[in-house]
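The structure appears right after this line, and notes come after that.
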Amino acid sequence: MATLIGVVILALVLPAWAGITYVGLVRARRGDELPPPRLPRRRRSAARKAAWVAGLAYLAGGAVHVYGLSYLPFLFPEDACWFGVGIKAYPDSSSALPVSLVCHGIEVVPWWVNPGLLVLAVIAVAATVAGVVLAWRGSSSRRKVTRRPTA
């Protein structure tokens, strides 16, 4: 019971107390005035959105690949088959791309890992190309607008 109370204090009470103290210090420093209003943000351009999609696709692809690699044998190959299939033997074959581990004719890596990697790779490359093209078009159109005829 003492451990539960300690966890509650550490997880709930201390962060709440720290937040209240921080807000009090900030208000004291500002003299109880209202915070300055936030200015409206510029809309994100299509190139920036494409860059975000590409970054998320690269990140998700890396996470899926690391998950698939967690099935492969590293130090003790017989343990990979033991944990995957329940057979204490050396794997028949294994590869990192496409992610595959075969033990006694049974594929251990989940079926969705390689198609998921392919889909995320296509999305990442397409979004990267789209972002570069959109940024290039946007910068060239801004250059045309900013040029003024001199007379």
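Letters A, B, ... mark the chains of the structure tokens in the order given; residue numbers begin at 1 per chain; ligand numbers begin at 1, in order shown.
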Any chance you could tabulate, as a Markdown table, the residues of stretch 15-107 of chain A at most 7 Å from stretch 116-125 of chain A with each one's nearest atom pair and distance in Å to one decimal, using only C-alpha atoms, in chain and rising number order?
| residue | atom | partner | partner_atom | distance |
| --- | --- | --- | --- | --- |
| A:Ala54 | CA | A:Ala124 | CA | 4.4 |
| A:Ala57 | CA | A:Ala124 | CA | 5.1 |
| A:Tyr58 | CA | A:Ala124 | CA | 5.8 |
| A:Gly61 | CA | A:Leu120 | CA | 5.6 |
| A:Val64 | CA | A:Leu117 | CA | 6.8 |
| A:His65 | CA | A:Leu117 | CA | 6.9 |
Export, as a PDB file, in the first residue's frame, the selected residues with all heavy atoms.
ATOM      1  N   ALA A  54       6.480  12.630 -45.896  1.00  0.00           N
ATOM      2  CA  ALA A  54       7.682  11.849 -46.201  1.00  0.00           C
ATOM      3  C   ALA A  54       8.436  11.492 -44.923  1.00  0.00           C
ATOM      4  O   ALA A  54       8.863  10.343 -44.751  1.00  0.00           O
ATOM      5  CB  ALA A  54       8.594  12.632 -47.139  1.00  0.00           C
ATOM      6  N   ALA A  57       6.584   8.806 -43.070  1.00  0.00           N
ATOM      7  CA  ALA A  57       6.689   7.523 -43.762  1.00  0.00           C
ATOM      8  C   ALA A  57       8.069   6.906 -43.551  1.00  0.00           C
ATOM      9  O   ALA A  57       8.192   5.687 -43.346  1.00  0.00           O
ATOM     10  CB  ALA A  57       6.392   7.690 -45.246  1.00  0.00           C
ATOM     11  N   TYR A  58       9.129   7.729 -43.601  1.00  0.00           N
ATOM     12  CA  TYR A  58      10.474   7.210 -43.321  1.00  0.00           C
ATOM     13  C   TYR A  58      10.566   6.682 -41.893  1.00  0.00           C
ATOM     14  O   TYR A  58      11.139   5.613 -41.639  1.00  0.00           O
ATOM     15  CB  TYR A  58      11.534   8.293 -43.535  1.00  0.00           C
ATOM     16  CG  TYR A  58      11.872   8.551 -44.974  1.00  0.00           C
ATOM     17  CD1 TYR A  58      11.678   9.804 -45.530  1.00  0.00           C
ATOM     18  CD2 TYR A  58      12.396   7.557 -45.788  1.00  0.00           C
ATOM     19  CE1 TYR A  58      12.002  10.063 -46.851  1.00  0.00           C
ATOM     20  CE2 TYR A  58      12.713   7.795 -47.104  1.00  0.00           C
ATOM     21  CZ  TYR A  58      12.512   9.044 -47.633  1.00  0.00           C
ATOM     22  OH  TYR A  58      12.830   9.297 -48.933  1.00  0.00           O
ATOM     23  N   GLY A  61       8.536   3.466 -41.617  1.00  0.00           N
ATOM     24  CA  GLY A  61       9.249   2.389 -42.304  1.00  0.00           C
ATOM     25  C   GLY A  61      10.432   1.882 -41.497  1.00  0.00           C
ATOM     26  O   GLY A  61      10.688   0.678 -41.427  1.00  0.00           O
ATOM     27  N   VAL A  64       9.019  -0.287 -38.675  1.00  0.00           N
ATOM     28  CA  VAL A  64       8.576  -1.608 -39.155  1.00  0.00           C
ATOM     29  C   VAL A  64       9.789  -2.471 -39.471  1.00  0.00           C
ATOM     30  O   VAL A  64       9.799  -3.678 -39.174  1.00  0.00           O
ATOM     31  CB  VAL A  64       7.651  -1.456 -40.384  1.00  0.00           C
ATOM     32  CG1 VAL A  64       7.409  -2.790 -41.055  1.00  0.00           C
ATOM     33  CG2 VAL A  64       6.333  -0.831 -39.980  1.00  0.00           C
ATOM     34  N   HIS A  65      10.832  -1.879 -40.049  1.00  0.00           N
ATOM     35  CA  HIS A  65      12.010  -2.671 -40.379  1.00  0.00           C
ATOM     36  C   HIS A  65      12.725  -3.153 -39.119  1.00  0.00           C
ATOM     37  O   HIS A  65      13.168  -4.304 -39.045  1.00  0.00           O
ATOM     38  CB  HIS A  65      12.960  -1.857 -41.252  1.00  0.00           C
ATOM     39  CG  HIS A  65      13.996  -2.691 -41.922  1.00  0.00           C
ATOM     40  ND1 HIS A  65      15.314  -2.606 -41.607  1.00  0.00           N
ATOM     41  CD2 HIS A  65      13.889  -3.652 -42.881  1.00  0.00           C
ATOM     42  CE1 HIS A  65      15.995  -3.471 -42.341  1.00  0.00           C
ATOM     43  NE2 HIS A  65      15.153  -4.116 -43.118  1.00  0.00           N
TER      44      HIS A  65
END
(request) Within 10 Å of A:Pro77, counting only C-alpha atoms, which residues show up once you throw out same-chain ones fewer than 2 positions away? Write them as a PyMOL selection string, please. (result) chain A and resi 72-75+79-82+88-91+94
Produce a table with one row for each residue of stretch 18-86 of chain A that has an atom at most 7 Å from any atom of stretch 126-138 of chain A, each row naming the nearest atom pair and its distance in Å at one decimal; use only C-alpha atoms; arrange rows by chain and rising residue number; format as CSV.
residue,atom,partner,partner_atom,distance
A:Ala46,CA,A:Leu134,CA,6.8
A:Ala47,CA,A:Gly131,CA,4.3
A:Arg48,CA,A:Gly131,CA,6.8
A:Ala50,CA,A:Gly131,CA,4.9
A:Ala51,CA,A:Gly131,CA,5.5
A:Val53,CA,A:Ala127,CA,6.4
A:Ala54,CA,A:Ala127,CA,5.0
(request) Just list the residues in chain A DSSP gives alpha helix (DSSP H) on the backbone, as a VMD selection string. (result) chain A and resid 2 to 8 14 to 30 46 to 69 77 to 84 113 to 146
(request) Mind the document's chain letters and residue numbers, and return as a ChimeraX atom specification the residues of chain A that DSSP labels strand (DSSP E). (result) /A:93-96,99-103,106-107
Could you turn the residues from that selection into a file that holds N, CA and C atoms, as a PDB file, in the first residue's frame?
ATOM      1  N   SER A  93      17.197 -20.273 -43.479  1.00  0.00           N
ATOM      2  CA  SER A  93      17.710 -19.076 -44.133  1.00  0.00           C
ATOM      3  C   SER A  93      17.192 -17.844 -43.399  1.00  0.00           C
ATOM      4  N   SER A  94      17.929 -16.757 -43.564  1.00  0.00           N
ATOM      5  CA  SER A  94      17.487 -15.487 -42.995  1.00  0.00           C
ATOM      6  C   SER A  94      18.076 -14.366 -43.836  1.00  0.00           C
ATOM      7  N   SER A  95      17.316 -13.276 -43.950  1.00  0.00           N
ATOM      8  CA  SER A  95      17.810 -12.116 -44.674  1.00  0.00           C
ATOM      9  C   SER A  95      17.194 -10.859 -44.073  1.00  0.00           C
ATOM     10  N   ALA A  96      17.907  -9.754 -44.247  1.00  0.00           N
ATOM     11  CA  ALA A  96      17.452  -8.494 -43.661  1.00  0.00           C
ATOM     12  C   ALA A  96      16.551  -7.705 -44.598  1.00  0.00           C
ATOM     13  N   VAL A  99      12.850  -8.907 -45.217  1.00  0.00           N
ATOM     14  CA  VAL A  99      13.012  -9.474 -43.887  1.00  0.00           C
ATOM     15  C   VAL A  99      12.424 -10.888 -43.901  1.00  0.00           C
ATOM     16  N   SER A 100      13.279 -11.872 -43.612  1.00  0.00           N
ATOM     17  CA  SER A 100      12.828 -13.261 -43.686  1.00  0.00           C
ATOM     18  C   SER A 100      13.639 -14.119 -42.722  1.00  0.00           C
ATOM     19  N   LEU A 101      12.960 -15.043 -42.078  1.00  0.00           N
ATOM     20  CA  LEU A 101      13.594 -16.057 -41.245  1.00  0.00           C
ATOM     21  C   LEU A 101      12.802 -17.337 -41.421  1.00  0.00           C
ATOM     22  N   VAL A 102      13.447 -18.361 -41.976  1.00  0.00           N
ATOM     23  CA  VAL A 102      12.783 -19.630 -42.243  1.00  0.00           C
ATOM     24  C   VAL A 102      13.388 -20.698 -41.343  1.00  0.00           C
ATOM     25  N   CYS A 103      12.534 -21.345 -40.552  1.00  0.00           N
ATOM     26  CA  CYS A 103      12.956 -22.433 -39.672  1.00  0.00           C
ATOM     27  C   CYS A 103      12.126 -23.667 -40.013  1.00  0.00           C
ATOM     28  N   ILE A 106       9.158 -23.038 -42.180  1.00  0.00           N
ATOM     29  CA  ILE A 106       8.121 -22.145 -41.660  1.00  0.00           C
ATOM     30  C   ILE A 106       8.689 -20.730 -41.604  1.00  0.00           C
ATOM     31  N   GLU A 107       7.979 -19.795 -42.235  1.00  0.00           N
ATOM     32  CA  GLU A 107       8.379 -18.389 -42.178  1.00  0.00           C
ATOM     33  C   GLU A 107       7.997 -17.824 -40.817  1.00  0.00           C
TER      34      GLU A 107
END
(request) Counting only C-alpha atoms, figure out which residue out of A:Phe76, A:Arg41, A:Gly86, A:Ala16 gets nearest to A:His104. (result)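 Of all the options, A:Gly86 lies closest to A:His104.
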